[in-house]
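Q: This is the structure I have questions about; it appears just below.
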Amino acid sequence: MATFIASGGRVWRKFVKTFPLGSNLSLKRSPTSALANGRLSSTSSENVLVSKDEKSGIATVRMNNPPVNSLNTALLLSLRSCFEELEKDKSCRALILTSNKPKVFCAGLDILELYQKSPDYVGQFWEKVQDMWLSLYGSRLVTMAAINGHSPAGGCLLSLACDYRIMAEGNFVIGLNETQLDLVAPFWLRQMMVDAIGYRQAEMALMVGALYPSNKALQLGLVDKLVPIEDVQTVAEEEVKNWLKIPDQARAITKMASRKPLLDELRKRKQEDIQTFRDETTRESVQLSIQQYLDKLKAKK
Ligand SMILES: CC/C=C\CCC/C=C/C(=O)SCCNC(=O)CCNC(=O)[C@H](O)C(C)(C)COP(=O)(O)OP(=O)(O)OC[C@H]1O[C@@H](n2cnc3c(N)ncnc32)[C@H](O)[C@@H]1OP(=O)(O)O
C-alpha cells in the first residue's frame with residue numbers, strides 16, 4: 001500500500017523523500033472506492049490526495065482545494081509534482097483524476113490569479129498551467145478523468161488532457177467558456193477540443209464559450225460515458241482495468257505518437273504562448289471583464 005499527499009512542489013518533494021511511493025504509510029480509508037478492499041487509503045486536508053493500489057498499479061488523484069478546486073498556483077504545482085512522481089513510479093500504470101468534493105470537479109483557473117496582478121506574475125502563473133498540462137497530456141499512464149461535478153474552462157482542460165472521460169449525470173456543466181471572460185483559449189487547448197469533438201463543433205463551442213450539460217457533452221463526444229454521480233469512481237476503476245488489459249508499452253507508444261506533435265508545438269512556442277497570455281490577461285478591458293465576471297459569481301448567492 002502506498003499513500004502520500006502533495007501540497008505544492010516543495011512540500012511534495014520533501015514528503016516523498018520521507019514516504020516514498022511503495023511505503024507502508026497508512027492513513028484514512030477512502031469511503032468511495034471499490035479498490036479499497038483493505039489496500040487503498042487516503043489522506044485529508046491537503047490540496048491533492050493520492051492513493052495507489054499496489055496490486056493493480058492504479059492511482060487515484062483527488063483534487064482537494066475548497067471550495068471549488070480552482071487551479072491556483074499551489075494546486076497547479078501539486079498536480080504537476082504528483083503526475084511526475086506517478087510517471088516515475090514503475091509500478092504505477094494508471095491514474096484516475098477526480099475531485100474530493102463531489103458536484104465540482106474543478107472550477108477552472110483561479111480567477112483571482114489573473115486579477116490585478118503584474119504581467120510577470122501572470123506570466124509565471126501561465127507557465128505553471130503549461131507545465132502541469134505537459135505532464136498530464138504527455139503521460140505514459142492510462143489517464144482517466146472521473147468528472148464528478150462541474151468542469152468549466154480549466155476543469156475541461158484537465159479532462160481533455162486525459163485519455164478517457166467519465167462524467168456524472170445530472171445538472172453539471174463542462175466546456176470551454178473562456179470567451180465569456182474575454183479570454184482566448186490557447187492553441188493547445190483549442191486543439192484538444194477539436195480532437196475530441198471535431199472542427200465545426202469545437203469552433204462554435206469555443207467562439208461562444210459554451211458550457212454543456214453532461215448529456216449534451218456526451219452527445220458531442222466531449223465526454224465518453226455518463227453514470228450516476230455515486231458510481232463515477234467505481235466505473236472509472238472498471239474502465240481503467242479494461243484499458244490495462246492492453247500491453248502498456250504498445251498503448252503508451254501509440255498514445256505518444258498521436259500526442260507528440262501538440263506536445264512539441266507547445267514546448268517550441270512556450271515563451272510566445274506565455275507572452276500572449278501576459279498581454280491578453282493584463283489588458284485593461286480584459287481586467288474589467290474579469291472583474292465583472294467575479295462580481296457575477298459573488299452576486300449568484
Ligand atoms: C490567452 C489565454 C487565456 C486564457 C486561457 C485560459 C484557460 C482557462 C481559463 C479558466 O479556467 S478561467 C476560469 C473559468 N471558470 C469559470 O468560469 C467557473 C466559475 N465558477 C462557477 O461557475 C461555479 O463556481 C461552479 C464551478 C459551477 C460551482 O458552483 P457552486 O455554486 O458550487 O460554487 P460558487 O459559485 O458559489 O463558488 C464558491 C466560491 O468560489 C468562487 N469561485 C468559483 N469559481 C472560481 C474560480 N474559477 N476562481 C476563483 N474563485 C472561484 C466563487 O466566487 C465563490 O466565492 P465566495 O464564496 O467568496 O463567494
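Identifiers in the C-alpha cells: chain A, B, ... in order shown; residue index from 1 per chain; ligand index from 1 in order shown.
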Please identify the residues whose atoms come within 6 Å of ligand 1, using only C-alpha atoms and all ligand atoms, and report them as a PyMOL selection string.

A: chain A and resi 67-68+70+104+107-112+150+152-154+178+183-186+276-277+280+297-298

Q: Keeping N, CA and C atoms, export the residues of the selection given above as a compact mmCIF listing (two decimals), in the first residue's frame.

A:
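Result file follows (selection.txt):
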```
# COMPACT_ATOMS: atom_id res chain seq x y z
N PRO A 67 -13.15 26.12 -2.10
CA PRO A 67 -14.44 25.42 -2.18
C PRO A 67 -14.69 24.73 -3.52
N VAL A 68 -13.97 25.12 -4.60
CA VAL A 68 -14.38 24.62 -5.91
C VAL A 68 -13.21 24.07 -6.75
N SER A 70 -10.51 25.47 -7.64
CA SER A 70 -9.97 26.36 -8.67
C SER A 70 -8.45 26.18 -8.71
N VAL A 104 -18.38 19.45 -7.78
CA VAL A 104 -17.47 20.33 -8.53
C VAL A 104 -16.18 19.54 -8.78
N ALA A 107 -13.26 24.15 -10.96
CA ALA A 107 -13.87 25.40 -11.47
C ALA A 107 -12.97 26.13 -12.45
N GLY A 108 -11.90 25.49 -12.88
CA GLY A 108 -11.00 26.14 -13.84
C GLY A 108 -9.93 26.95 -13.14
N LEU A 109 -9.27 27.78 -13.90
CA LEU A 109 -8.21 28.60 -13.30
C LEU A 109 -8.79 29.45 -12.19
N ASP A 110 -8.00 29.67 -11.17
CA ASP A 110 -8.42 30.57 -10.10
C ASP A 110 -8.40 31.99 -10.67
N ILE A 111 -9.58 32.55 -10.82
CA ILE A 111 -9.69 33.85 -11.49
C ILE A 111 -8.91 34.93 -10.73
N LEU A 112 -8.80 34.74 -9.43
CA LEU A 112 -8.08 35.74 -8.63
C LEU A 112 -6.59 35.79 -8.98
N HIS A 150 -19.22 19.83 -11.83
CA HIS A 150 -18.96 20.86 -12.85
C HIS A 150 -17.50 20.84 -13.29
N PRO A 152 -15.90 23.49 -15.79
CA PRO A 152 -15.73 24.56 -16.78
C PRO A 152 -14.27 24.90 -17.04
N ALA A 153 -13.99 25.43 -18.21
CA ALA A 153 -12.70 26.04 -18.58
C ALA A 153 -11.49 25.16 -18.19
N GLY A 154 -10.70 25.60 -17.23
CA GLY A 154 -9.54 24.81 -16.82
C GLY A 154 -9.90 23.41 -16.35
N GLU A 178 -14.07 30.29 -21.93
CA GLU A 178 -13.10 31.39 -21.82
C GLU A 178 -13.60 32.70 -22.42
N LEU A 183 -11.47 35.98 -22.48
CA LEU A 183 -10.17 35.32 -22.63
C LEU A 183 -10.22 34.45 -23.88
N VAL A 184 -9.05 34.18 -24.43
CA VAL A 184 -8.97 33.35 -25.64
C VAL A 184 -8.22 32.07 -25.29
N ALA A 185 -8.86 30.94 -25.51
CA ALA A 185 -8.20 29.66 -25.19
C ALA A 185 -6.95 29.52 -26.07
N PRO A 186 -5.83 29.05 -25.51
CA PRO A 186 -4.60 28.93 -26.30
C PRO A 186 -4.70 27.80 -27.34
N THR A 276 1.69 35.91 -24.98
CA THR A 276 0.30 36.17 -25.39
C THR A 276 -0.61 36.23 -24.17
N PHE A 277 -0.44 35.27 -23.29
CA PHE A 277 -1.28 35.23 -22.09
C PHE A 277 -1.09 36.47 -21.23
N GLU A 280 -2.66 39.51 -23.09
CA GLU A 280 -4.12 39.46 -23.14
C GLU A 280 -4.73 39.69 -21.76
N LEU A 297 -20.26 36.14 -10.16
CA LEU A 297 -20.15 34.91 -9.36
C LEU A 297 -20.60 35.17 -7.92
N LYS A 298 -20.16 36.31 -7.39
CA LYS A 298 -20.50 36.65 -6.00
C LYS A 298 -22.01 36.90 -5.88
```

Q: Can you tell me, as an MDAnalysis selection string, which residues in segment 33-104 of chain A count as alpha helix (DSSP H) by DSSP?

A: chainID A and resid 73:88

Q: Using only C-alpha atoms, which residues sit within 10 Å of Cys156 of chain A once same-chain residues fewer than 2 positions away are excluded, as a list in words?

A: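 Everything that qualifies: Phe105, Cys106, Ala107, Gly108, Ala145, Ile147, His150, Ser151, Pro152, Ala153, Gly154, Leu158, Ser159, Leu160, Ala161, Val173, Ile174, Gly175, Leu176, Asn177, Leu189, Met193, Leu211, Leu222 and Val223 of chain A.
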
Q: Selection from above, N, CA and C atoms, as an mmCIF file, in the first residue's frame, can you write it?

A:
```
data_model
loop_
_atom_site.group_PDB
_atom_site.id
_atom_site.type_symbol
_atom_site.label_atom_id
_atom_site.label_comp_id
_atom_site.auth_asym_id
_atom_site.auth_seq_id
_atom_site.Cartn_x
_atom_site.Cartn_y
_atom_site.Cartn_z
ATOM 1 N N PHE A 105 -15.956 19.209 -10.044
ATOM 2 C CA PHE A 105 -14.691 18.545 -10.402
ATOM 3 C C PHE A 105 -13.580 19.587 -10.302
ATOM 4 N N CYS A 106 -13.727 20.684 -11.060
ATOM 5 C CA CYS A 106 -12.746 21.766 -10.998
ATOM 6 C C CYS A 106 -13.357 23.008 -11.655
ATOM 7 N N ALA A 107 -13.261 24.149 -10.963
ATOM 8 C CA ALA A 107 -13.867 25.398 -11.466
ATOM 9 C C ALA A 107 -12.969 26.132 -12.447
ATOM 10 N N GLY A 108 -11.896 25.486 -12.878
ATOM 11 C CA GLY A 108 -11.002 26.145 -13.841
ATOM 12 C C GLY A 108 -9.929 26.947 -13.140
ATOM 13 N N ALA A 145 -10.337 10.743 -16.540
ATOM 14 C CA ALA A 145 -10.974 11.812 -15.768
ATOM 15 C C ALA A 145 -12.297 11.287 -15.216
ATOM 16 N N ILE A 147 -15.158 12.710 -13.712
ATOM 17 C CA ILE A 147 -15.661 14.086 -13.574
ATOM 18 C C ILE A 147 -16.939 14.067 -12.732
ATOM 19 N N HIS A 150 -19.216 19.830 -11.829
ATOM 20 C CA HIS A 150 -18.959 20.855 -12.848
ATOM 21 C C HIS A 150 -17.496 20.845 -13.293
ATOM 22 N N SER A 151 -17.309 21.167 -14.577
ATOM 23 C CA SER A 151 -15.948 21.131 -15.111
ATOM 24 C C SER A 151 -15.752 22.223 -16.186
ATOM 25 N N PRO A 152 -15.895 23.491 -15.788
ATOM 26 C CA PRO A 152 -15.734 24.561 -16.783
ATOM 27 C C PRO A 152 -14.267 24.902 -17.045
ATOM 28 N N ALA A 153 -13.988 25.432 -18.210
ATOM 29 C CA ALA A 153 -12.697 26.037 -18.578
ATOM 30 C C ALA A 153 -11.494 25.162 -18.193
ATOM 31 N N GLY A 154 -10.704 25.597 -17.226
ATOM 32 C CA GLY A 154 -9.537 24.807 -16.825
ATOM 33 C C GLY A 154 -9.905 23.406 -16.351
ATOM 34 N N LEU A 158 -8.300 19.998 -17.988
ATOM 35 C CA LEU A 158 -7.784 18.805 -17.286
ATOM 36 C C LEU A 158 -8.425 17.540 -17.854
ATOM 37 N N SER A 159 -9.740 17.610 -18.043
ATOM 38 C CA SER A 159 -10.470 16.433 -18.539
ATOM 39 C C SER A 159 -9.993 16.053 -19.940
ATOM 40 N N LEU A 160 -9.848 17.075 -20.793
ATOM 41 C CA LEU A 160 -9.421 16.805 -22.174
ATOM 42 C C LEU A 160 -8.005 16.242 -22.242
ATOM 43 N N ALA A 161 -7.195 16.560 -21.238
ATOM 44 C CA ALA A 161 -5.810 16.066 -21.246
ATOM 45 C C ALA A 161 -5.742 14.577 -20.908
ATOM 46 N N VAL A 173 -22.100 21.022 -15.646
ATOM 47 C CA VAL A 173 -21.675 21.544 -16.954
ATOM 48 C C VAL A 173 -20.187 21.335 -17.183
ATOM 49 N N ILE A 174 -19.863 21.254 -18.474
ATOM 50 C CA ILE A 174 -18.458 21.137 -18.888
ATOM 51 C C ILE A 174 -18.300 21.917 -20.194
ATOM 52 N N GLY A 175 -17.139 22.506 -20.387
ATOM 53 C CA GLY A 175 -16.900 23.221 -21.639
ATOM 54 C C GLY A 175 -15.824 24.265 -21.471
ATOM 55 N N LEU A 176 -15.543 24.947 -22.575
ATOM 56 C CA LEU A 176 -14.502 25.982 -22.568
ATOM 57 C C LEU A 176 -15.198 27.336 -22.707
ATOM 58 N N ASN A 177 -15.458 27.958 -21.570
ATOM 59 C CA ASN A 177 -16.229 29.211 -21.552
ATOM 60 C C ASN A 177 -15.332 30.450 -21.516
ATOM 61 N N LEU A 189 -5.072 24.145 -26.180
ATOM 62 C CA LEU A 189 -6.370 23.808 -25.595
ATOM 63 C C LEU A 189 -7.427 23.702 -26.701
ATOM 64 N N MET A 193 -9.748 20.316 -27.975
ATOM 65 C CA MET A 193 -11.217 20.367 -28.162
ATOM 66 C C MET A 193 -11.570 19.863 -29.573
ATOM 67 N N LEU A 211 -20.896 26.213 -22.355
ATOM 68 C CA LEU A 211 -20.845 25.225 -21.266
ATOM 69 C C LEU A 211 -21.995 24.258 -21.509
ATOM 70 N N LEU A 222 -17.630 15.090 -26.057
ATOM 71 C CA LEU A 222 -16.731 15.799 -25.145
ATOM 72 C C LEU A 222 -16.431 14.932 -23.920
ATOM 73 N N VAL A 223 -17.401 14.101 -23.533
ATOM 74 C CA VAL A 223 -17.124 13.059 -22.537
ATOM 75 C C VAL A 223 -17.503 11.716 -23.166
#
```

Q: Which residues are near Leu220 of chain A? Cut-off 9 Å, only C-alpha atoms, ignore same chain within fewer than 3 positions. Put them as a PyMOL selection string.

A: chain A and resi 196-198+201+215-217+223

Q: I need the residues of segment 87-297 of chain A that end up classed as strand (DSSP E) by DSSP on the backbone, written out as a PyMOL selection string.

A: chain A and resi 94-99+103-104+142-147+149-152+164-168+173-175+211-213+225-227

Q: Store the residues of this selection in a file with N, CA and C atoms, as a compact mmCIF listing (two decimals), in the first residue's frame.

A:
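part_20.txt written:
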```
# COMPACT_ATOMS: atom_id res chain seq x y z
N ALA A 94 -1.69 3.48 -14.12
CA ALA A 94 -2.85 4.31 -14.50
C ALA A 94 -3.16 5.34 -13.43
N LEU A 95 -3.82 6.37 -13.86
CA LEU A 95 -4.13 7.49 -12.96
C LEU A 95 -5.59 7.90 -13.18
N ILE A 96 -6.34 7.95 -12.10
CA ILE A 96 -7.72 8.45 -12.18
C ILE A 96 -7.72 9.84 -11.54
N LEU A 97 -8.15 10.84 -12.31
CA LEU A 97 -8.18 12.21 -11.79
C LEU A 97 -9.61 12.57 -11.43
N THR A 98 -9.82 12.96 -10.17
CA THR A 98 -11.17 13.27 -9.73
C THR A 98 -11.14 14.37 -8.67
N SER A 99 -12.32 14.66 -8.14
CA SER A 99 -12.41 15.71 -7.11
C SER A 99 -12.80 15.08 -5.79
N LYS A 103 -19.70 17.16 -6.95
CA LYS A 103 -20.51 18.26 -7.52
C LYS A 103 -19.64 19.33 -8.17
N VAL A 104 -18.38 19.45 -7.78
CA VAL A 104 -17.47 20.33 -8.53
C VAL A 104 -16.18 19.54 -8.78
N VAL A 142 -2.22 5.30 -18.31
CA VAL A 142 -3.62 5.44 -18.69
C VAL A 142 -4.16 6.55 -17.79
N THR A 143 -4.74 7.58 -18.39
CA THR A 143 -5.26 8.68 -17.56
C THR A 143 -6.77 8.79 -17.78
N MET A 144 -7.49 8.79 -16.69
CA MET A 144 -8.95 8.76 -16.76
C MET A 144 -9.51 9.90 -15.93
N ALA A 145 -10.34 10.74 -16.54
CA ALA A 145 -10.97 11.81 -15.77
C ALA A 145 -12.30 11.29 -15.22
N ALA A 146 -12.41 11.27 -13.91
CA ALA A 146 -13.66 10.87 -13.24
C ALA A 146 -14.33 12.17 -12.81
N ILE A 147 -15.16 12.71 -13.71
CA ILE A 147 -15.66 14.09 -13.57
C ILE A 147 -16.94 14.07 -12.73
N GLY A 149 -18.68 16.27 -11.20
CA GLY A 149 -19.32 17.56 -10.98
C GLY A 149 -18.97 18.53 -12.09
N HIS A 150 -19.22 19.83 -11.83
CA HIS A 150 -18.96 20.86 -12.85
C HIS A 150 -17.50 20.84 -13.29
N SER A 151 -17.31 21.17 -14.58
CA SER A 151 -15.95 21.13 -15.11
C SER A 151 -15.75 22.22 -16.19
N PRO A 152 -15.90 23.49 -15.79
CA PRO A 152 -15.73 24.56 -16.78
C PRO A 152 -14.27 24.90 -17.04
N TYR A 164 -9.57 9.39 -21.31
CA TYR A 164 -10.98 8.97 -21.33
C TYR A 164 -11.70 9.77 -20.25
N ARG A 165 -12.96 10.10 -20.53
CA ARG A 165 -13.71 10.96 -19.61
C ARG A 165 -15.04 10.33 -19.21
N ILE A 166 -15.19 10.14 -17.91
CA ILE A 166 -16.46 9.64 -17.37
C ILE A 166 -17.06 10.77 -16.54
N MET A 167 -18.31 11.12 -16.84
CA MET A 167 -18.90 12.27 -16.15
C MET A 167 -20.18 11.88 -15.42
N ALA A 168 -20.44 12.62 -14.36
CA ALA A 168 -21.67 12.39 -13.59
C ALA A 168 -22.88 12.90 -14.36
N VAL A 173 -22.10 21.02 -15.65
CA VAL A 173 -21.68 21.54 -16.95
C VAL A 173 -20.19 21.33 -17.18
N ILE A 174 -19.86 21.25 -18.47
CA ILE A 174 -18.46 21.14 -18.89
C ILE A 174 -18.30 21.92 -20.19
N GLY A 175 -17.14 22.51 -20.39
CA GLY A 175 -16.90 23.22 -21.64
C GLY A 175 -15.82 24.27 -21.47
N LEU A 211 -20.90 26.21 -22.35
CA LEU A 211 -20.85 25.23 -21.27
C LEU A 211 -22.00 24.26 -21.51
N TYR A 212 -21.67 22.98 -21.63
CA TYR A 212 -22.70 21.99 -21.97
C TYR A 212 -23.14 21.19 -20.75
N PRO A 213 -24.44 20.91 -20.64
CA PRO A 213 -24.86 19.94 -19.63
C PRO A 213 -24.28 18.57 -19.99
N LYS A 225 -18.55 8.79 -21.32
CA LYS A 225 -19.54 7.97 -20.61
C LYS A 225 -20.20 8.80 -19.53
N LEU A 226 -21.50 8.58 -19.32
CA LEU A 226 -22.23 9.25 -18.23
C LEU A 226 -22.72 8.20 -17.26
N VAL A 227 -22.54 8.45 -15.97
CA VAL A 227 -23.02 7.49 -14.95
C VAL A 227 -23.56 8.30 -13.77
```

Q: By how many Å are atom CA of Leu263 of chain A and atom CA of Asp89 of chain A apart?

A: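 According to the coordinates, atom CA of Leu263 of chain A and atom CA of Asp89 of chain A are separated by 21.7 Å.
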
Q: Go ahead and compute the interatomic distance for atom CA of Ser56 of chain A and atom CA of Leu76 of chain A, in Å to one decimal.

A: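 Interatomic distance, atom CA of Ser56 of chain A to atom CA of Leu76 of chain A: 26.7 Å.
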
Q: When you draw a straight line from atom CA of Gln180 of chain A to atom CA of Val208 of chain A, how long is it in Å?

A: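 Distance between the two atoms: 7.4 Å.
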
Q: Skip Leu262 of chain A itself and residues of its chain fewer than 5 positions away, then list as a compact mmCIF listing (two decimals) with C-alpha atoms, in the first residue's frame all residues within 9 Å of it, counting only C-alpha atoms.

A:
```txt
# COMPACT_ATOMS: atom_id res chain seq x y z
CA TRP A 188 -3.08 23.66 -27.49
CA GLN A 191 -6.60 21.64 -30.48
CA MET A 192 -7.62 19.19 -27.75
CA ARG A 267 7.41 23.17 -25.99
```

Q: Out of A:Asp195, A:Val50, A:Ala236, A:Lys117, which residue has the shortest atom-to-atom distance to Ser258 of chain A when counting only C-alpha atoms?

A: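 Looking at the shortest contact to Ser258 of chain A, the residue is A:Asp195.
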